[in-house]
Amino acid sequence: MEDRPVTTALDAQYVSVAEAADLLDVDPSTIRRWIEHGTLPAYRVGRRYVRIRKDDLSRVIAPMPAAKNAATNSTGGDEAHGIVMTDEDQRLMFEAIGRARTLRREVLAKRGGIPFSPSWELLDEARDERTEQLP
């Protein structure tokens, strides 16, 4: 007699985190995050195992909303959140970028062309100083 795993009605209704991830083509950490945030209900089986109902998996799959305006530009538009930049918004944004670039050139000229240190270096120095001050 051949040893085969026994399939029960419960096996057909529930899947593991790894199986759920495979079914949705996402990483298992995504499934765990959805469970943690309450987006996806899950059930503990004993102390160690977590199972997800297949019906609950189908509920996290939803159609994406259609774009409101097919002629939206790609300059900062976020159609999924209903944010679309007007021509005036774009003009103001580009002016601000231009002013920032001018200011950067002025600051660099005052510093003799020497840029500021990367922030991570400054943070490391501050952390080292603080560590030396500790008892």
# chains A, B, ... in the order shown; residues from 1 in each chain; ligands from 1
$ residues_around --residues "Val45 (chain A)" --least-positions-apart "4" --cutoff "12 Å" --atoms "only C-alpha atoms" --output "PyMOL selection string"
chain A and resi 10+14-16+49-52
$ write_last_selection --atoms "all heavy atoms" --output "PDB file, in the first residue's frame"
ATOM      1  N   LEU A  10     -10.569  20.277   5.451  1.00  0.00           N
ATOM      2  CA  LEU A  10      -9.851  21.433   5.994  1.00  0.00           C
ATOM      3  C   LEU A  10      -8.665  21.809   5.118  1.00  0.00           C
ATOM      4  O   LEU A  10      -8.373  22.978   4.915  1.00  0.00           O
ATOM      5  CB  LEU A  10      -9.374  21.161   7.420  1.00  0.00           C
ATOM      6  CG  LEU A  10     -10.426  21.265   8.507  1.00  0.00           C
ATOM      7  CD1 LEU A  10      -9.817  20.870   9.844  1.00  0.00           C
ATOM      8  CD2 LEU A  10     -11.004  22.652   8.579  1.00  0.00           C
ATOM      9  N   TYR A  14      -7.928  25.701   3.751  1.00  0.00           N
ATOM     10  CA  TYR A  14      -6.882  26.485   4.383  1.00  0.00           C
ATOM     11  C   TYR A  14      -5.527  26.229   3.716  1.00  0.00           C
ATOM     12  O   TYR A  14      -5.254  25.133   3.258  1.00  0.00           O
ATOM     13  CB  TYR A  14      -6.763  26.137   5.874  1.00  0.00           C
ATOM     14  CG  TYR A  14      -7.973  26.561   6.672  1.00  0.00           C
ATOM     15  CD1 TYR A  14      -9.076  25.734   6.786  1.00  0.00           C
ATOM     16  CD2 TYR A  14      -7.996  27.801   7.299  1.00  0.00           C
ATOM     17  CE1 TYR A  14     -10.188  26.120   7.514  1.00  0.00           C
ATOM     18  CE2 TYR A  14      -9.098  28.194   8.041  1.00  0.00           C
ATOM     19  CZ  TYR A  14     -10.202  27.354   8.135  1.00  0.00           C
ATOM     20  OH  TYR A  14     -11.292  27.752   8.849  1.00  0.00           O
ATOM     21  N   VAL A  15      -4.690  27.275   3.719  1.00  0.00           N
ATOM     22  CA  VAL A  15      -3.337  27.151   3.179  1.00  0.00           C
ATOM     23  C   VAL A  15      -2.347  27.755   4.167  1.00  0.00           C
ATOM     24  O   VAL A  15      -2.710  28.584   5.007  1.00  0.00           O
ATOM     25  CB  VAL A  15      -3.192  27.846   1.801  1.00  0.00           C
ATOM     26  CG1 VAL A  15      -4.025  27.135   0.753  1.00  0.00           C
ATOM     27  CG2 VAL A  15      -3.547  29.308   1.884  1.00  0.00           C
ATOM     28  N   SER A  16      -1.111  27.353   4.044  1.00  0.00           N
ATOM     29  CA  SER A  16      -0.054  27.913   4.886  1.00  0.00           C
ATOM     30  C   SER A  16       0.350  29.279   4.349  1.00  0.00           C
ATOM     31  O   SER A  16      -0.042  29.680   3.250  1.00  0.00           O
ATOM     32  CB  SER A  16       1.159  26.983   4.896  1.00  0.00           C
ATOM     33  OG  SER A  16       1.756  26.991   3.611  1.00  0.00           O
ATOM     34  N   TYR A  49       1.661  26.760  13.951  1.00  0.00           N
ATOM     35  CA  TYR A  49       1.240  26.913  12.571  1.00  0.00           C
ATOM     36  C   TYR A  49       0.199  27.998  12.393  1.00  0.00           C
ATOM     37  O   TYR A  49      -0.670  28.209  13.237  1.00  0.00           O
ATOM     38  CB  TYR A  49       0.697  25.586  12.033  1.00  0.00           C
ATOM     39  CG  TYR A  49       1.738  24.498  12.078  1.00  0.00           C
ATOM     40  CD1 TYR A  49       1.698  23.512  13.055  1.00  0.00           C
ATOM     41  CD2 TYR A  49       2.783  24.483  11.176  1.00  0.00           C
ATOM     42  CE1 TYR A  49       2.664  22.525  13.117  1.00  0.00           C
ATOM     43  CE2 TYR A  49       3.761  23.500  11.226  1.00  0.00           C
ATOM     44  CZ  TYR A  49       3.692  22.528  12.198  1.00  0.00           C
ATOM     45  OH  TYR A  49       4.651  21.555  12.261  1.00  0.00           O
ATOM     46  N   VAL A  50       0.286  28.675  11.264  1.00  0.00           N
ATOM     47  CA  VAL A  50      -0.683  29.699  10.881  1.00  0.00           C
ATOM     48  C   VAL A  50      -1.286  29.259   9.559  1.00  0.00           C
ATOM     49  O   VAL A  50      -0.567  28.851   8.639  1.00  0.00           O
ATOM     50  CB  VAL A  50       0.005  31.076  10.728  1.00  0.00           C
ATOM     51  CG1 VAL A  50      -0.961  32.106  10.170  1.00  0.00           C
ATOM     52  CG2 VAL A  50       0.576  31.534  12.054  1.00  0.00           C
ATOM     53  N   ARG A  51      -2.591  29.356   9.460  1.00  0.00           N
ATOM     54  CA  ARG A  51      -3.283  28.984   8.231  1.00  0.00           C
ATOM     55  C   ARG A  51      -4.206  30.127   7.807  1.00  0.00           C
ATOM     56  O   ARG A  51      -4.693  30.895   8.625  1.00  0.00           O
ATOM     57  CB  ARG A  51      -4.108  27.706   8.407  1.00  0.00           C
ATOM     58  CG  ARG A  51      -3.271  26.477   8.703  1.00  0.00           C
ATOM     59  CD  ARG A  51      -2.418  26.096   7.505  1.00  0.00           C
ATOM     60  NE  ARG A  51      -1.636  24.907   7.749  1.00  0.00           N
ATOM     61  CZ  ARG A  51      -0.330  24.903   8.005  1.00  0.00           C
ATOM     62  NH1 ARG A  51       0.330  26.023   8.076  1.00  0.00           N
ATOM     63  NH2 ARG A  51       0.311  23.767   8.196  1.00  0.00           N
ATOM     64  N   ILE A  52      -4.427  30.185   6.505  1.00  0.00           N
ATOM     65  CA  ILE A  52      -5.249  31.237   5.919  1.00  0.00           C
ATOM     66  C   ILE A  52      -6.324  30.573   5.087  1.00  0.00           C
ATOM     67  O   ILE A  52      -6.038  29.639   4.317  1.00  0.00           O
ATOM     68  CB  ILE A  52      -4.383  32.156   5.024  1.00  0.00           C
ATOM     69  CG1 ILE A  52      -3.295  32.803   5.881  1.00  0.00           C
ATOM     70  CG2 ILE A  52      -5.220  33.208   4.347  1.00  0.00           C
ATOM     71  CD1 ILE A  52      -1.975  32.847   5.228  1.00  0.00           C
TER      72      ILE A  52
END
$ select_by_dssp --residues "region 5-126 of chain A" --states "strand (DSSP E or B)" --output "PyMOL selection string"
chain A and resi 14-16+43-45+49-53+78+83
$ write_last_selection --atoms "N, CA, C and O atoms" --output "PDB file, in the first residue's frame"
ATOM      1  N   TYR A  14      -7.928  25.701   3.751  1.00  0.00           N
ATOM      2  CA  TYR A  14      -6.882  26.485   4.383  1.00  0.00           C
ATOM      3  C   TYR A  14      -5.527  26.229   3.716  1.00  0.00           C
ATOM      4  O   TYR A  14      -5.254  25.133   3.258  1.00  0.00           O
ATOM      5  N   VAL A  15      -4.690  27.275   3.719  1.00  0.00           N
ATOM      6  CA  VAL A  15      -3.337  27.151   3.179  1.00  0.00           C
ATOM      7  C   VAL A  15      -2.347  27.755   4.167  1.00  0.00           C
ATOM      8  O   VAL A  15      -2.710  28.584   5.007  1.00  0.00           O
ATOM      9  N   SER A  16      -1.111  27.353   4.044  1.00  0.00           N
ATOM     10  CA  SER A  16      -0.054  27.913   4.886  1.00  0.00           C
ATOM     11  C   SER A  16       0.350  29.279   4.349  1.00  0.00           C
ATOM     12  O   SER A  16      -0.042  29.680   3.250  1.00  0.00           O
ATOM     13  N   TYR A  43      -5.450  32.181  10.991  1.00  0.00           N
ATOM     14  CA  TYR A  43      -5.863  31.340  12.113  1.00  0.00           C
ATOM     15  C   TYR A  43      -4.676  30.532  12.590  1.00  0.00           C
ATOM     16  O   TYR A  43      -3.924  29.981  11.800  1.00  0.00           O
ATOM     17  N   ARG A  44      -4.517  30.479  13.890  1.00  0.00           N
ATOM     18  CA  ARG A  44      -3.435  29.704  14.472  1.00  0.00           C
ATOM     19  C   ARG A  44      -3.915  28.269  14.643  1.00  0.00           C
ATOM     20  O   ARG A  44      -5.013  28.011  15.114  1.00  0.00           O
ATOM     21  N   VAL A  45      -3.058  27.343  14.247  1.00  0.00           N
ATOM     22  CA  VAL A  45      -3.323  25.918  14.406  1.00  0.00           C
ATOM     23  C   VAL A  45      -2.275  25.404  15.369  1.00  0.00           C
ATOM     24  O   VAL A  45      -1.105  25.271  15.013  1.00  0.00           O
ATOM     25  N   TYR A  49       1.661  26.760  13.951  1.00  0.00           N
ATOM     26  CA  TYR A  49       1.240  26.913  12.571  1.00  0.00           C
ATOM     27  C   TYR A  49       0.199  27.998  12.393  1.00  0.00           C
ATOM     28  O   TYR A  49      -0.670  28.209  13.237  1.00  0.00           O
ATOM     29  N   VAL A  50       0.286  28.675  11.264  1.00  0.00           N
ATOM     30  CA  VAL A  50      -0.683  29.699  10.881  1.00  0.00           C
ATOM     31  C   VAL A  50      -1.286  29.259   9.559  1.00  0.00           C
ATOM     32  O   VAL A  50      -0.567  28.851   8.639  1.00  0.00           O
ATOM     33  N   ARG A  51      -2.591  29.356   9.460  1.00  0.00           N
ATOM     34  CA  ARG A  51      -3.283  28.984   8.231  1.00  0.00           C
ATOM     35  C   ARG A  51      -4.206  30.127   7.807  1.00  0.00           C
ATOM     36  O   ARG A  51      -4.693  30.895   8.625  1.00  0.00           O
ATOM     37  N   ILE A  52      -4.427  30.185   6.505  1.00  0.00           N
ATOM     38  CA  ILE A  52      -5.249  31.237   5.919  1.00  0.00           C
ATOM     39  C   ILE A  52      -6.324  30.573   5.087  1.00  0.00           C
ATOM     40  O   ILE A  52      -6.038  29.639   4.317  1.00  0.00           O
ATOM     41  N   ARG A  53      -7.550  31.059   5.234  1.00  0.00           N
ATOM     42  CA  ARG A  53      -8.639  30.522   4.420  1.00  0.00           C
ATOM     43  C   ARG A  53      -8.474  30.993   2.985  1.00  0.00           C
ATOM     44  O   ARG A  53      -8.174  32.154   2.735  1.00  0.00           O
ATOM     45  N   ASP A  78      -0.349  61.380  -9.290  1.00  0.00           N
ATOM     46  CA  ASP A  78      -0.578  60.178  -8.510  1.00  0.00           C
ATOM     47  C   ASP A  78      -2.053  59.852  -8.622  1.00  0.00           C
ATOM     48  O   ASP A  78      -2.831  60.130  -7.728  1.00  0.00           O
ATOM     49  N   ILE A  83      -4.443  62.705  -7.125  1.00  0.00           N
ATOM     50  CA  ILE A  83      -3.618  63.903  -7.171  1.00  0.00           C
ATOM     51  C   ILE A  83      -3.048  64.035  -8.575  1.00  0.00           C
ATOM     52  O   ILE A  83      -2.315  63.181  -9.033  1.00  0.00           O
TER      53      ILE A  83
END
$ residues_around --residues "Ser29 (chain A)" --least-positions-apart "4" --cutoff "10 Å" --atoms "only C-alpha atoms" --output "list of chain:residue names"
A:Val17, A:Ala18, A:Ala21, A:Arg33, A:Trp34, A:Ile35
$ write_last_selection --atoms "all heavy atoms" --output "mmCIF file, in the first residue's frame"
data_model
loop_
_atom_site.group_PDB
_atom_site.id
_atom_site.type_symbol
_atom_site.label_atom_id
_atom_site.label_comp_id
_atom_site.auth_asym_id
_atom_site.auth_seq_id
_atom_site.Cartn_x
_atom_site.Cartn_y
_atom_site.Cartn_z
ATOM 1 N N VAL A 17 1.178 29.987 5.102
ATOM 2 C CA VAL A 17 1.681 31.288 4.669
ATOM 3 C C VAL A 17 2.465 31.126 3.369
ATOM 4 O O VAL A 17 2.289 31.896 2.419
ATOM 5 C CB VAL A 17 2.556 31.934 5.776
ATOM 6 C CG1 VAL A 17 3.280 33.161 5.251
ATOM 7 C CG2 VAL A 17 1.703 32.279 6.983
ATOM 8 N N ALA A 18 3.314 30.123 3.294
ATOM 9 C CA ALA A 18 4.108 29.895 2.084
ATOM 10 C C ALA A 18 3.215 29.570 0.889
ATOM 11 O O ALA A 18 3.435 30.073 -0.225
ATOM 12 C CB ALA A 18 5.107 28.769 2.317
ATOM 13 N N ALA A 21 1.500 32.709 -0.237
ATOM 14 C CA ALA A 21 2.441 33.549 -0.978
ATOM 15 C C ALA A 21 2.620 33.035 -2.402
ATOM 16 O O ALA A 21 2.643 33.816 -3.353
ATOM 17 C CB ALA A 21 3.777 33.599 -0.246
ATOM 18 N N ARG A 33 2.921 40.380 6.821
ATOM 19 C CA ARG A 33 2.634 41.797 7.078
ATOM 20 C C ARG A 33 1.137 42.066 6.957
ATOM 21 O O ARG A 33 0.554 42.768 7.777
ATOM 22 C CB ARG A 33 3.432 42.675 6.109
ATOM 23 C CG ARG A 33 3.310 44.150 6.405
ATOM 24 C CD ARG A 33 4.215 45.015 5.543
ATOM 25 N NE ARG A 33 3.984 44.813 4.120
ATOM 26 C CZ ARG A 33 4.806 44.199 3.286
ATOM 27 N NH1 ARG A 33 5.945 43.702 3.708
ATOM 28 N NH2 ARG A 33 4.501 44.073 2.010
ATOM 29 N N TRP A 34 0.487 41.483 5.945
ATOM 30 C CA TRP A 34 -0.961 41.657 5.794
ATOM 31 C C TRP A 34 -1.695 41.092 6.999
ATOM 32 O O TRP A 34 -2.672 41.664 7.470
ATOM 33 C CB TRP A 34 -1.450 40.974 4.523
ATOM 34 C CG TRP A 34 -1.042 41.662 3.249
ATOM 35 C CD1 TRP A 34 -0.528 42.915 3.109
ATOM 36 C CD2 TRP A 34 -1.110 41.115 1.935
ATOM 37 N NE1 TRP A 34 -0.276 43.187 1.785
ATOM 38 C CE2 TRP A 34 -0.627 42.096 1.038
ATOM 39 C CE3 TRP A 34 -1.536 39.900 1.419
ATOM 40 C CZ2 TRP A 34 -0.571 41.896 -0.330
ATOM 41 C CZ3 TRP A 34 -1.471 39.704 0.049
ATOM 42 C CH2 TRP A 34 -1.003 40.687 -0.814
ATOM 43 N N ILE A 35 -1.228 39.965 7.497
ATOM 44 C CA ILE A 35 -1.844 39.363 8.686
ATOM 45 C C ILE A 35 -1.651 40.291 9.883
ATOM 46 O O ILE A 35 -2.588 40.578 10.626
ATOM 47 C CB ILE A 35 -1.244 37.964 8.966
ATOM 48 C CG1 ILE A 35 -1.656 36.989 7.853
ATOM 49 C CG2 ILE A 35 -1.672 37.453 10.333
ATOM 50 C CD1 ILE A 35 -0.901 35.659 7.874
#
$ closest_residue --among "A:Glu95, A:Glu88, A:Asp55, A:Glu132" --to "Gln13 (chain A)" --atoms "only C-alpha atoms"
A:Asp55
$ atom_distance --atom1 "CA of Pro41 (chain A)" --atom2 "CA of Lys54 (chain A)"
10.4 Å
$ atom_distance --atom1 "CA of Arg91 (chain A)" --atom2 "CA of Leu103 (chain A)"
18.4 Å
$ select_by_dssp --residues "chain A" --states "alpha helix (DSSP H)" --output "PyMOL selection string"
chain A and resi 9-13+17-24+28-36+54-59+87-110+119-133
$ write_last_selection --atoms "C-alpha atoms" --output "PDB file, in the first residue's frame"
ATOM      1  CA  ALA A   9     -11.894  19.129   3.765  1.00  0.00           C
ATOM      2  CA  LEU A  10      -9.851  21.433   5.994  1.00  0.00           C
ATOM      3  CA  ASP A  11      -6.810  21.062   3.719  1.00  0.00           C
ATOM      4  CA  ALA A  12      -8.924  22.219   0.789  1.00  0.00           C
ATOM      5  CA  GLN A  13     -10.103  25.336   2.664  1.00  0.00           C
ATOM      6  CA  VAL A  17       1.681  31.288   4.669  1.00  0.00           C
ATOM      7  CA  ALA A  18       4.108  29.895   2.084  1.00  0.00           C
ATOM      8  CA  GLU A  19       1.287  28.404   0.018  1.00  0.00           C
ATOM      9  CA  ALA A  20      -0.648  31.680   0.181  1.00  0.00           C
ATOM     10  CA  ALA A  21       2.441  33.549  -0.978  1.00  0.00           C
ATOM     11  CA  ASP A  22       2.848  31.130  -3.892  1.00  0.00           C
ATOM     12  CA  LEU A  23      -0.801  31.468  -4.865  1.00  0.00           C
ATOM     13  CA  LEU A  24      -0.624  35.282  -4.908  1.00  0.00           C
ATOM     14  CA  PRO A  28       5.817  35.225   2.465  1.00  0.00           C
ATOM     15  CA  SER A  29       6.831  38.351   4.413  1.00  0.00           C
ATOM     16  CA  THR A  30       4.094  40.236   2.539  1.00  0.00           C
ATOM     17  CA  ILE A  31       1.516  37.689   3.687  1.00  0.00           C
ATOM     18  CA  ARG A  32       2.787  37.982   7.284  1.00  0.00           C
ATOM     19  CA  ARG A  33       2.634  41.797   7.078  1.00  0.00           C
ATOM     20  CA  TRP A  34      -0.961  41.657   5.794  1.00  0.00           C
ATOM     21  CA  ILE A  35      -1.844  39.363   8.686  1.00  0.00           C
ATOM     22  CA  GLU A  36      -0.113  41.652  11.197  1.00  0.00           C
ATOM     23  CA  LYS A  54      -8.591  30.470   0.626  1.00  0.00           C
ATOM     24  CA  ASP A  55     -11.779  32.553   0.632  1.00  0.00           C
ATOM     25  CA  ASP A  56      -9.949  35.262   2.602  1.00  0.00           C
ATOM     26  CA  LEU A  57      -7.119  35.200   0.068  1.00  0.00           C
ATOM     27  CA  SER A  58      -9.544  35.914  -2.745  1.00  0.00           C
ATOM     28  CA  ARG A  59     -10.776  38.979  -0.834  1.00  0.00           C
ATOM     29  CA  ASP A  87       0.124  73.114 -15.604  1.00  0.00           C
ATOM     30  CA  GLU A  88       0.454  75.912 -13.014  1.00  0.00           C
ATOM     31  CA  ASP A  89       1.560  73.402 -10.344  1.00  0.00           C
ATOM     32  CA  GLN A  90       4.200  72.054 -12.732  1.00  0.00           C
ATOM     33  CA  ARG A  91       5.432  75.547 -13.556  1.00  0.00           C
ATOM     34  CA  LEU A  92       5.765  76.410  -9.852  1.00  0.00           C
ATOM     35  CA  MET A  93       7.521  73.098  -9.174  1.00  0.00           C
ATOM     36  CA  PHE A  94      10.076  73.675 -11.927  1.00  0.00           C
ATOM     37  CA  GLU A  95      10.662  77.251 -10.700  1.00  0.00           C
ATOM     38  CA  ALA A  96      11.296  75.920  -7.183  1.00  0.00           C
ATOM     39  CA  ILE A  97      13.727  73.327  -8.532  1.00  0.00           C
ATOM     40  CA  GLY A  98      15.531  76.073 -10.452  1.00  0.00           C
ATOM     41  CA  ARG A  99      15.797  78.226  -7.303  1.00  0.00           C
ATOM     42  CA  ALA A 100      17.124  75.252  -5.332  1.00  0.00           C
ATOM     43  CA  ARG A 101      19.781  74.571  -7.964  1.00  0.00           C
ATOM     44  CA  THR A 102      20.806  78.255  -7.992  1.00  0.00           C
ATOM     45  CA  LEU A 103      21.071  78.265  -4.190  1.00  0.00           C
ATOM     46  CA  ARG A 104      23.159  75.086  -4.301  1.00  0.00           C
ATOM     47  CA  ARG A 105      25.580  76.657  -6.787  1.00  0.00           C
ATOM     48  CA  GLU A 106      25.848  79.798  -4.607  1.00  0.00           C
ATOM     49  CA  VAL A 107      26.555  77.784  -1.445  1.00  0.00           C
ATOM     50  CA  LEU A 108      29.137  75.642  -3.230  1.00  0.00           C
ATOM     51  CA  ALA A 109      30.824  78.791  -4.589  1.00  0.00           C
ATOM     52  CA  LYS A 110      31.038  80.225  -1.035  1.00  0.00           C
ATOM     53  CA  SER A 119      24.667  63.116   6.315  1.00  0.00           C
ATOM     54  CA  TRP A 120      25.618  59.544   7.239  1.00  0.00           C
ATOM     55  CA  GLU A 121      29.173  60.703   7.973  1.00  0.00           C
ATOM     56  CA  LEU A 122      27.904  63.487  10.240  1.00  0.00           C
ATOM     57  CA  LEU A 123      25.589  61.060  12.025  1.00  0.00           C
ATOM     58  CA  ASP A 124      28.422  58.577  12.527  1.00  0.00           C
ATOM     59  CA  GLU A 125      30.640  61.313  13.991  1.00  0.00           C
ATOM     60  CA  ALA A 126      27.888  62.463  16.361  1.00  0.00           C
ATOM     61  CA  ARG A 127      27.227  58.853  17.415  1.00  0.00           C
ATOM     62  CA  ASP A 128      30.944  58.276  18.069  1.00  0.00           C
ATOM     63  CA  GLU A 129      31.166  61.460  20.159  1.00  0.00           C
ATOM     64  CA  ARG A 130      28.122  60.414  22.185  1.00  0.00           C
ATOM     65  CA  THR A 131      29.544  56.927  22.706  1.00  0.00           C
ATOM     66  CA  GLU A 132      32.765  58.428  24.099  1.00  0.00           C
ATOM     67  CA  GLN A 133      30.719  60.498  26.571  1.00  0.00           C
TER      68      GLN A 133
END
